[in-house]
file target21.txt (compact mmCIF, C-alpha atoms)
# COMPACT_ATOMS: atom_id res chain seq x y z
CA LYS T 1 45.84 188.25 213.84
CA PRO T 2 45.06 185.30 216.12
CA GLU T 3 47.18 184.62 219.20
CA GLY T 4 50.12 182.22 218.92
CA PRO T 5 52.37 181.25 215.99
CA ILE T 6 51.42 182.33 212.48
CA SER T 7 52.42 180.25 209.46
CA MET T 8 55.21 181.86 207.42
CA LYS T 9 53.63 181.90 203.94
CA PRO T 10 54.68 184.45 201.28
CA ILE T 11 51.61 186.42 200.20
CA ASN T 12 53.16 187.39 196.85
CA MET T 13 53.44 183.77 195.64
CA GLU T 14 51.04 180.94 194.83
CA GLU T 15 48.81 179.86 197.68
CA ASP T 16 50.56 176.62 198.67
CA SER T 17 54.12 177.82 198.05
CA SER T 18 56.72 176.86 200.66
CA LEU T 19 59.73 178.93 201.63
CA PRO T 20 62.54 178.61 199.10
CA PRO T 21 65.51 176.54 200.42
CA GLU T 22 67.81 179.36 199.32
CA LEU T 23 66.33 181.62 202.00
CA LEU T 24 67.10 179.12 204.79
CA LYS T 25 70.63 178.72 203.47
CA LEU T 26 71.23 182.47 203.48
CA TRP T 27 69.48 182.90 206.83
CA THR T 28 71.82 180.44 208.55
CA GLU T 29 74.98 181.20 206.56
CA VAL T 30 76.73 183.05 209.38
CA ALA T 31 76.24 180.10 211.77
CA HIS T 32 77.48 177.64 209.14
CA LEU T 33 80.54 179.78 208.43
CA TYR T 34 81.38 179.91 212.14
CA ARG T 35 81.11 176.13 212.50
CA SER T 36 83.26 175.68 209.39
CA THR T 37 85.88 177.99 210.88
CA LEU T 38 85.91 176.03 214.14
CA LYS T 39 86.28 172.75 212.25
CA SER T 40 89.29 174.16 210.38
CA MET T 41 91.13 174.81 213.66
CA GLU T 42 93.42 172.06 214.91
CA LEU T 43 96.37 171.47 217.18
CA SER T 44 99.49 172.65 215.39
CA LYS T 45 101.59 169.65 214.37
CA SER T 46 104.76 171.76 214.59
CA GLY T 47 104.31 172.39 218.30
CA GLY T 48 100.80 173.23 219.46
CA VAL T 49 101.58 172.12 223.02
CA ALA T 50 104.11 173.66 225.43
CA LYS T 51 104.99 173.48 229.12
CA VAL T 52 104.56 177.17 229.94
CA VAL T 53 104.44 177.22 233.76
CA LYS T 54 105.54 174.77 236.46
CA SER T 55 102.18 173.83 238.00
CA ARG T 56 98.41 173.96 237.60
CA ILE T 57 97.17 176.75 235.32
CA PHE T 58 94.64 179.14 236.90
CA SER T 59 94.43 181.84 234.20
CA VAL T 60 95.29 182.39 230.53
CA ALA T 61 95.23 185.25 228.00
CA PHE T 62 96.08 185.92 224.36
CA HIS T 63 98.15 188.98 223.50
CA PRO T 64 95.97 190.97 221.04
CA CYS T 65 98.64 191.13 218.30
CA SER T 66 97.58 189.28 215.13
CA SER T 67 100.95 188.74 213.42
CA HIS T 68 102.07 186.14 216.00
CA LEU T 69 100.36 184.03 218.65
CA LEU T 70 101.71 185.23 221.99
CA MET T 71 100.05 183.66 225.02
CA ALA T 72 100.25 184.11 228.79
CA ALA T 73 99.42 181.70 231.63
CA GLY T 74 99.41 182.02 235.42
CA ASP T 75 99.92 179.06 237.75
CA LYS T 76 99.26 177.88 241.31
CA PHE T 77 102.52 179.12 242.82
CA GLY T 78 102.65 182.61 241.35
CA GLY T 79 104.41 181.85 238.07
CA VAL T 80 103.57 183.74 234.86
CA GLY T 81 104.68 182.18 231.58
CA LEU T 82 104.80 183.77 228.13
CA TRP T 83 104.74 181.52 225.06
CA ASN T 84 105.39 182.72 221.51
CA LEU T 85 104.20 179.99 219.13
CA ASP T 86 106.69 178.98 216.40
CA SER T 87 109.47 180.99 218.01
CA ASP T 88 112.83 180.19 219.59
CA MET T 89 112.41 182.99 222.13
CA GLY T 90 113.59 181.83 225.57
CA ASP T 91 113.26 178.09 226.14
CA GLU T 92 111.49 176.81 222.99
CA GLY T 93 109.41 179.96 222.80
CA VAL T 94 108.69 180.13 226.55
CA LEU T 95 109.79 182.69 229.15
CA LEU T 96 108.86 181.99 232.80
CA PHE T 97 108.66 184.60 235.59
CA GLU T 98 107.60 184.59 239.26
CA PRO T 99 105.94 187.94 240.05
CA HIS T 100 103.61 186.36 242.63
CA VAL T 101 103.82 183.72 245.38
CA ARG T 102 100.27 182.33 245.32
CA PRO T 103 97.82 181.38 242.51
CA VAL T 104 97.55 183.86 239.63
CA ALA T 105 93.76 183.78 239.58
CA CYS T 106 93.10 186.34 236.86
CA MET T 107 94.99 188.03 234.01
CA ALA T 108 94.15 190.28 231.07
CA PHE T 109 95.84 192.48 228.50
CA SER T 110 94.77 196.12 228.54
CA ARG T 111 92.54 196.90 225.56
CA SER T 112 93.86 200.47 225.24
CA HIS T 113 97.53 199.58 225.82
CA PRO T 114 98.17 196.04 224.48
CA THR T 115 101.72 196.12 225.89
CA ASP T 116 100.18 196.07 229.38
CA LEU T 117 99.43 192.64 230.94
CA LEU T 118 97.79 192.76 234.36
CA THR T 119 98.02 189.77 236.71
CA LEU T 120 96.11 189.32 239.98
CA SER T 121 96.98 186.82 242.70
CA TYR T 122 95.66 185.34 245.93
CA ASP T 123 98.80 186.86 247.50
CA GLY T 124 96.94 190.19 247.54
CA THR T 125 98.72 191.95 244.67
CA LEU T 126 97.67 193.16 241.24
CA ARG T 127 100.67 193.79 238.98
CA SER T 128 101.28 195.36 235.58
CA THR T 129 103.81 193.74 233.24
CA ASP T 130 105.97 196.46 231.69
CA VAL T 131 108.23 194.73 229.15
CA GLU T 132 109.87 198.01 228.08
CA LYS T 133 111.03 198.68 231.66
CA ALA T 134 111.44 194.93 232.36
CA VAL T 135 109.46 195.16 235.63
CA PHE T 136 106.22 193.90 237.18
CA ASP T 137 104.83 197.15 238.58
CA GLU T 138 102.58 196.97 241.62
CA VAL T 139 99.15 198.45 240.87
CA TYR T 140 97.16 197.41 243.97
CA ARG T 141 97.91 195.59 247.23
CA ILE T 142 95.90 194.21 250.14
CA LYS T 143 96.94 191.74 252.85
CA ASP T 144 95.79 188.71 250.85
CA GLY T 145 92.79 187.12 249.15
CA LEU T 146 92.40 188.98 245.84
CA ARG T 147 90.30 186.83 243.50
CA THR T 148 89.23 188.70 240.36
CA PHE T 149 89.43 192.00 238.47
CA ASP T 150 88.21 193.78 235.33
CA PHE T 151 88.77 197.12 233.59
CA LEU T 152 86.17 199.68 234.64
CA SER T 153 86.91 202.41 232.08
CA HIS T 154 87.39 202.32 228.29
CA ASP T 155 90.96 203.57 228.66
CA CYS T 156 91.65 200.84 231.29
CA SER T 157 92.91 203.45 233.80
CA THR T 158 90.39 202.36 236.46
CA LEU T 159 89.78 198.83 237.65
CA VAL T 160 87.39 196.91 239.85
CA THR T 161 88.66 194.04 242.01
CA GLY T 162 86.93 191.41 244.14
CA ASP T 163 88.30 189.37 247.04
CA TRP T 164 87.55 186.27 249.08
CA TYR T 165 86.04 188.38 251.87
CA GLY T 166 83.11 189.82 249.89
CA ASP T 167 84.68 193.21 249.15
CA VAL T 168 84.77 195.07 245.84
CA ALA T 169 87.37 197.82 245.37
CA ILE T 170 87.65 200.60 242.79
CA VAL T 171 91.27 201.25 241.83
CA ASP T 172 92.52 204.25 239.81
CA ARG T 173 95.94 203.63 238.28
CA ARG T 174 96.51 207.37 237.84
CA THR T 175 96.49 207.89 241.61
CA PRO T 176 99.95 207.46 243.21
CA GLY T 177 100.35 204.50 245.55
CA THR T 178 98.86 201.01 245.62
CA SER T 179 95.61 201.59 247.50
CA HIS T 180 92.01 201.81 246.31
CA GLU T 181 89.79 204.81 245.66
CA SER T 182 86.86 203.18 247.43
CA LEU T 183 86.00 199.87 249.11
CA HIS T 184 82.52 198.34 249.15
CA SER T 185 81.45 195.40 251.32
CA LEU T 186 78.75 193.34 249.66
CA ASP T 187 76.23 191.09 251.40
CA THR T 188 78.13 187.97 250.42
CA LYS T 189 80.83 185.76 251.93
CA THR T 190 83.05 185.94 248.87
CA VAL T 191 83.37 187.47 245.39
CA ARG T 192 84.27 184.83 242.83
CA CYS T 193 84.09 186.93 239.68
CA VAL T 194 83.58 190.57 238.67
CA HIS T 195 82.88 191.69 235.12
CA VAL T 196 82.11 195.12 233.66
CA HIS T 197 79.46 195.77 231.00
CA PRO T 198 81.28 196.25 227.65
CA VAL T 199 79.17 199.27 226.61
CA GLN T 200 77.65 200.76 229.76
CA LYS T 201 80.78 200.74 231.88
CA GLN T 202 79.00 201.88 235.02
CA TYR T 203 77.48 198.41 235.47
CA ILE T 204 79.55 195.88 237.43
CA MET T 205 78.43 192.24 237.61
CA VAL T 206 79.44 190.24 240.68
CA ALA T 207 79.24 186.45 241.05
CA GLU T 208 78.39 185.95 244.70
CA ASN T 209 77.58 182.73 246.60
CA SER T 210 74.60 181.45 244.65
CA ILE T 211 73.35 184.61 242.96
CA VAL T 212 74.71 187.05 240.40
CA SER T 213 74.12 190.76 241.04
CA ILE T 214 74.63 193.75 238.76
CA TYR T 215 75.47 197.03 240.50
CA ASP T 216 75.73 200.61 239.30
CA ALA T 217 79.29 201.68 240.21
CA ARG T 218 78.07 205.26 240.68
CA CYS T 219 75.70 204.13 243.45
CA LEU T 220 77.93 201.74 245.40
CA LYS T 221 77.99 202.36 249.16
CA ALA T 222 80.47 201.26 251.79
CA SER T 223 78.00 198.49 252.68
CA SER T 224 74.48 197.29 251.85
CA SER T 225 74.57 198.42 248.20
CA LYS T 226 71.41 197.68 246.21
CA PRO T 227 71.80 195.84 242.88
CA VAL T 228 69.96 197.11 239.81
CA SER T 229 69.46 193.56 238.52
CA GLN T 230 69.94 189.98 239.73
CA LEU T 231 70.28 186.61 238.00
CA TYR T 232 68.48 183.87 239.91
CA GLY T 233 68.28 180.10 239.53
CA HIS T 234 71.66 178.87 240.82
CA SER T 235 71.55 176.33 243.64
CA LYS T 236 75.30 176.05 244.40
CA SER T 237 78.47 178.13 244.15
CA ILE T 238 78.92 180.19 240.99
CA SER T 239 82.35 179.91 239.35
CA SER T 240 81.98 182.75 236.84
CA ALA T 241 79.62 185.23 235.16
CA TYR T 242 80.47 187.21 232.00
CA PHE T 243 78.66 189.76 229.83
CA SER T 244 78.65 189.03 226.08
CA PRO T 245 81.58 190.99 224.60
CA GLY T 246 79.88 193.12 221.95
CA THR T 247 76.64 194.39 223.45
CA GLY T 248 76.39 192.97 226.97
CA ASN T 249 72.89 191.78 226.07
CA ARG T 250 73.63 188.27 227.33
CA VAL T 251 75.32 186.84 230.41
CA VAL T 252 76.75 183.33 230.67
CA THR T 253 77.22 181.83 234.14
CA THR T 254 78.96 178.64 235.25
CA CYS T 255 77.68 177.00 238.44
CA LEU T 256 78.65 173.95 240.50
CA ASP T 257 75.04 172.73 240.25
CA ASN T 258 76.25 171.39 236.86
CA ASN T 259 74.52 174.03 234.76
CA ILE T 260 75.73 176.70 232.37
CA ARG T 261 73.06 179.39 232.13
CA ILE T 262 72.45 182.21 229.65
CA TYR T 263 70.45 185.26 230.73
CA ASP T 264 68.92 188.17 228.82
CA THR T 265 70.44 191.44 230.06
CA SER T 266 69.39 193.61 227.11
CA GLU T 267 67.19 195.45 229.62
CA LEU T 268 68.47 195.53 233.19
CA THR T 269 65.26 194.64 234.98
CA SER T 270 65.29 193.68 238.66
CA ARG T 271 65.21 190.00 237.68
CA ALA T 272 67.04 189.11 234.45
CA PRO T 273 65.15 186.46 232.40
CA LEU T 274 66.80 183.04 232.06
CA LEU T 275 67.02 182.05 228.37
CA THR T 276 68.88 178.74 228.31
CA SER T 277 70.30 176.19 230.71
CA ILE T 278 72.87 173.61 229.56
CA GLN T 279 73.57 170.60 231.78
CA GLN T 280 77.27 169.72 232.03
CA ASN T 281 79.48 167.91 234.52
CA LEU T 282 81.27 170.89 236.08
CA ILE T 283 82.65 169.15 239.20
CA THR T 284 86.42 169.19 238.74
CA GLY T 285 87.52 168.19 242.24
CA ARG T 286 90.36 169.80 244.20
CA TRP T 287 93.20 169.10 241.75
CA LEU T 288 91.79 170.87 238.69
CA SER T 289 90.93 174.52 238.14
CA LYS T 290 87.21 175.28 237.94
CA LEU T 291 85.60 175.15 234.49
CA GLN T 292 84.38 178.54 233.25
CA ALA T 293 82.29 179.33 230.18
CA MET T 294 84.05 182.16 228.29
CA TRP T 295 82.61 184.13 225.35
CA ASP T 296 84.38 184.19 222.00
CA PRO T 297 85.36 187.92 221.90
CA LYS T 298 84.62 187.98 218.14
CA ARG T 299 80.98 187.01 218.66
CA ASP T 300 78.10 187.92 220.94
CA ASP T 301 76.38 184.54 220.91
CA CYS T 302 78.97 181.73 221.30
CA PHE T 303 81.20 180.62 224.17
CA VAL T 304 83.84 178.00 224.96
CA VAL T 305 84.15 175.75 228.00
CA GLY T 306 86.36 172.84 229.03
CA SER T 307 84.84 169.42 229.64
CA MET T 308 85.16 166.47 232.03
CA GLN T 309 84.04 164.06 229.27
CA ARG T 310 86.26 161.36 227.79
CA PRO T 311 87.86 161.43 225.29
CA ARG T 312 89.04 164.84 226.53
CA ARG T 313 87.62 167.81 224.64
CA VAL T 314 86.87 171.53 224.63
CA GLN T 315 83.34 172.53 223.62
CA VAL T 316 81.87 175.59 221.89
CA PHE T 317 78.17 176.34 222.41
CA HIS T 318 75.69 178.78 220.93
CA GLU T 319 73.61 180.84 223.38
CA SER T 320 70.62 178.67 222.42
CA GLY T 321 72.39 175.70 223.99
CA GLN T 322 73.29 174.10 220.66
CA LEU T 323 76.75 172.57 220.49
CA GLN T 324 78.68 174.23 217.65
CA HIS T 325 81.86 172.16 217.74
CA PHE T 326 84.20 170.29 220.06
CA PHE T 327 87.97 170.21 219.83
CA GLN T 328 89.73 166.87 220.29
CA ASP T 329 93.22 165.54 219.61
CA PRO T 330 95.12 162.36 220.55
CA GLU T 331 97.67 164.57 222.34
CA MET T 332 94.92 166.05 224.51
CA THR T 333 94.79 163.48 227.31
CA THR T 334 94.01 165.81 230.23
CA VAL T 335 91.22 168.23 231.13
CA LEU T 336 91.77 171.73 229.73
CA SER T 337 90.02 173.62 232.54
CA VAL T 338 91.04 177.15 231.53
CA THR T 339 90.22 178.31 227.98
CA ALA T 340 90.22 181.49 225.88
CA PHE T 341 89.67 182.57 222.27
CA HIS T 342 91.97 185.05 220.51
CA PRO T 343 90.33 188.51 220.19
CA THR T 344 90.78 188.73 216.39
CA ARG T 345 92.35 185.53 214.99
CA ASN T 346 90.88 182.04 214.68
CA ALA T 347 92.80 180.60 217.61
CA LEU T 348 91.82 178.90 220.87
CA LEU T 349 94.00 178.03 223.84
CA GLY T 350 93.45 175.75 226.82
CA GLY T 351 95.50 175.14 229.96
CA ASN T 352 95.74 172.02 232.11
CA ALA T 353 96.78 171.04 235.64
CA SER T 354 100.43 170.33 234.76
CA GLY T 355 101.21 173.78 233.34
CA ARG T 356 100.78 172.95 229.66
CA LEU T 357 99.05 175.14 227.08
CA TYR T 358 97.37 173.71 223.97
CA VAL T 359 96.62 176.02 221.04
CA PHE T 360 94.24 175.27 218.15
CA THR T 361 94.60 177.40 215.00
CA ASP T 362 93.34 177.41 211.41

call {"tool": "encode", "arguments": {"input": "target21.txt", "output": "structure tokens"}}
result
Amino acid sequence: KPEGPISMKPINMEEDSSLPPELLKLWTEVAHLYRSTLKSMELSKSGGVAKVVKSRIFSVAFHPCSSHLLMAAGDKFGGVGLWNLDSDMGDEGVLLFEPHVRPVACMAFSRSHPTDLLTLSYDGTLRSTDVEKAVFDEVYRIKDGLRTFDFLSHDCSTLVTGDWYGDVAIVDRRTPGTSHESLHSLDTKTVRCVHVHPVQKQYIMVAENSIVSIYDARCLKASSSKPVSQLYGHSKSISSAYFSPGTGNRVVTTCLDNNIRIYDTSELTSRAPLLTSIQQNLITGRWLSKLQAMWDPKRDDCFVVGSMQRPRRVQVFHESGQLQHFFQDPEMTTVLSVTAFHPTRNALLGGNASGRLYVFTD
């Protein structure tokens, strides 16, 4: 065949036959269904907004249960709020705790033990929320400056953390005490985000100053570790970098050069190919949390991100850069910087700078 594109003509039909419209409809049905689902989601009129923490929200998470919508948020001064939608639990469905004293930068429910919520703070502690014992257990502690963490093993017993000083630590929760198994100093001033490959758990991705590096955890050294792959193209600080949740074949990064980028990581070559770049205003200033593009955990090709545009909105994009949908509501008058999709239900939450959570459901 000749080089370049080849016309898509069926050879078992008449010579000038075009593709039947039915084929295109079936071919794109999944995308249309997803957009229809997003359009069906709206702010609950019976109370889709709640003041969950006292100050600016830094992190949010959905509890994985599907029978109720239970949400968590961490704020600037160490508060952790739990909100059960359509419940009279606590104060209008909200319970507020103070397990930390500085911003709760990162939180996540354990995938193997959904009763386990881990919260990490700039105060140097990583804690586990044990509701049955009614305590916030201490999992890991340093002097200060913890920034990010992720689960390193499928059973969530080992973790990887990153701090403001450019160090990555491996923590084993089965080992007594609150120290790390190993500490690795990277050639960077700070670690803004760490994320573990969803399938090949040995690969740890680290958002550094203006580059994203992927390391093999089995080959990390005390210093001067060599990455197996790097994601180039960023010209300013990188806010976040996340593997796609199903396969890890894509990475979405958010950078203060006003670009959201999608890379191909299906093969971990030394330089991951850039697939798409989406221009967005990502400069939030000092009073808002940084915008971060976050994958929908139910899909491997779509992600959500807050927006600085007016009227205020939250946007969902396809990996190709195509806007799938944006969420708006007259009640949404502030920037929802921190966003997350529910792992199984059609629900989206966003947090703002005054401690309020907004939840969109179908």

call {"tool": "closest_residue", "arguments": {"input": "target21.txt", "among": "T:Leu126, T:Leu348, T:Ala353, T:Ile204", "to": "T:Ser40", "atoms": "all atoms listed in the file"}}
result
T:Leu348

call {"tool": "atom_distance", "arguments": {"input": "target21.txt", "atom1": "atom CA of T:Ala340", "atom2": "atom CA of T:Gln230"}}
result
26.0 Å

call {"tool": "closest_residue", "arguments": {"input": "target21.txt", "among": "T:Met71, T:Leu85, T:Asp155, T:Thr334", "to": "T:Ser44", "atoms": "only C-alpha atoms"}}
result
T:Leu85

call {"tool": "closest_atom_pairs", "arguments": {"input": "target21.txt", "of": "stretch 24-135 of chain T", "to": "stretch 189-202 of chain T", "cutoff": "12 Å", "atoms": "all atoms listed in the file", "output": "CSV"}}
result
residue,atom,partner,partner_atom,distance
T:Ala105,CA,T:Arg192,CA,10.1
T:Cys106,CA,T:Cys193,CA,9.5
T:Arg111,CA,T:Pro198,CA,11.5
T:Tyr122,CA,T:Arg192,CA,11.8

call {"tool": "residues_around", "arguments": {"input": "target21.txt", "residues": "T:Val359", "least_positions_apart": "2", "cutoff": "7 Å", "atoms": "all atoms listed in the file", "output": "PyMOL selection string"}}
result
chain T and resi 43+48-49+347-350+357+361

call {"tool": "residues_around", "arguments": {"input": "target21.txt", "residues": "T:Val131", "least_positions_apart": "5", "cutoff": "10 Å", "atoms": "all atoms listed in the file", "output": "list of chain:residue names"}}
result
T:Thr115, T:Asp116, T:Leu117, T:Phe136

call {"tool": "residues_around", "arguments": {"input": "target21.txt", "residues": "T:His184", "least_positions_apart": "6", "cutoff": "10 Å", "atoms": "only C-alpha atoms", "output": "PyMOL selection string"}}
result
chain T and resi 162+166-170+220-225

call {"tool": "residues_around", "arguments": {"input": "target21.txt", "residues": "T:His318", "least_positions_apart": "6", "cutoff": "7 Å", "atoms": "only C-alpha atoms", "output": "number ranges by chain"}}
result
T: 301-303, 324

call {"tool": "residues_around", "arguments": {"input": "target21.txt", "residues": "T:Cys255", "least_positions_apart": "2", "cutoff": "10 Å", "atoms": "all atoms listed in the file", "output": "MDAnalysis selection string"}}
result
chainID T and resid 207 209:211 233:241 253 257:261 280 282:283 290:293
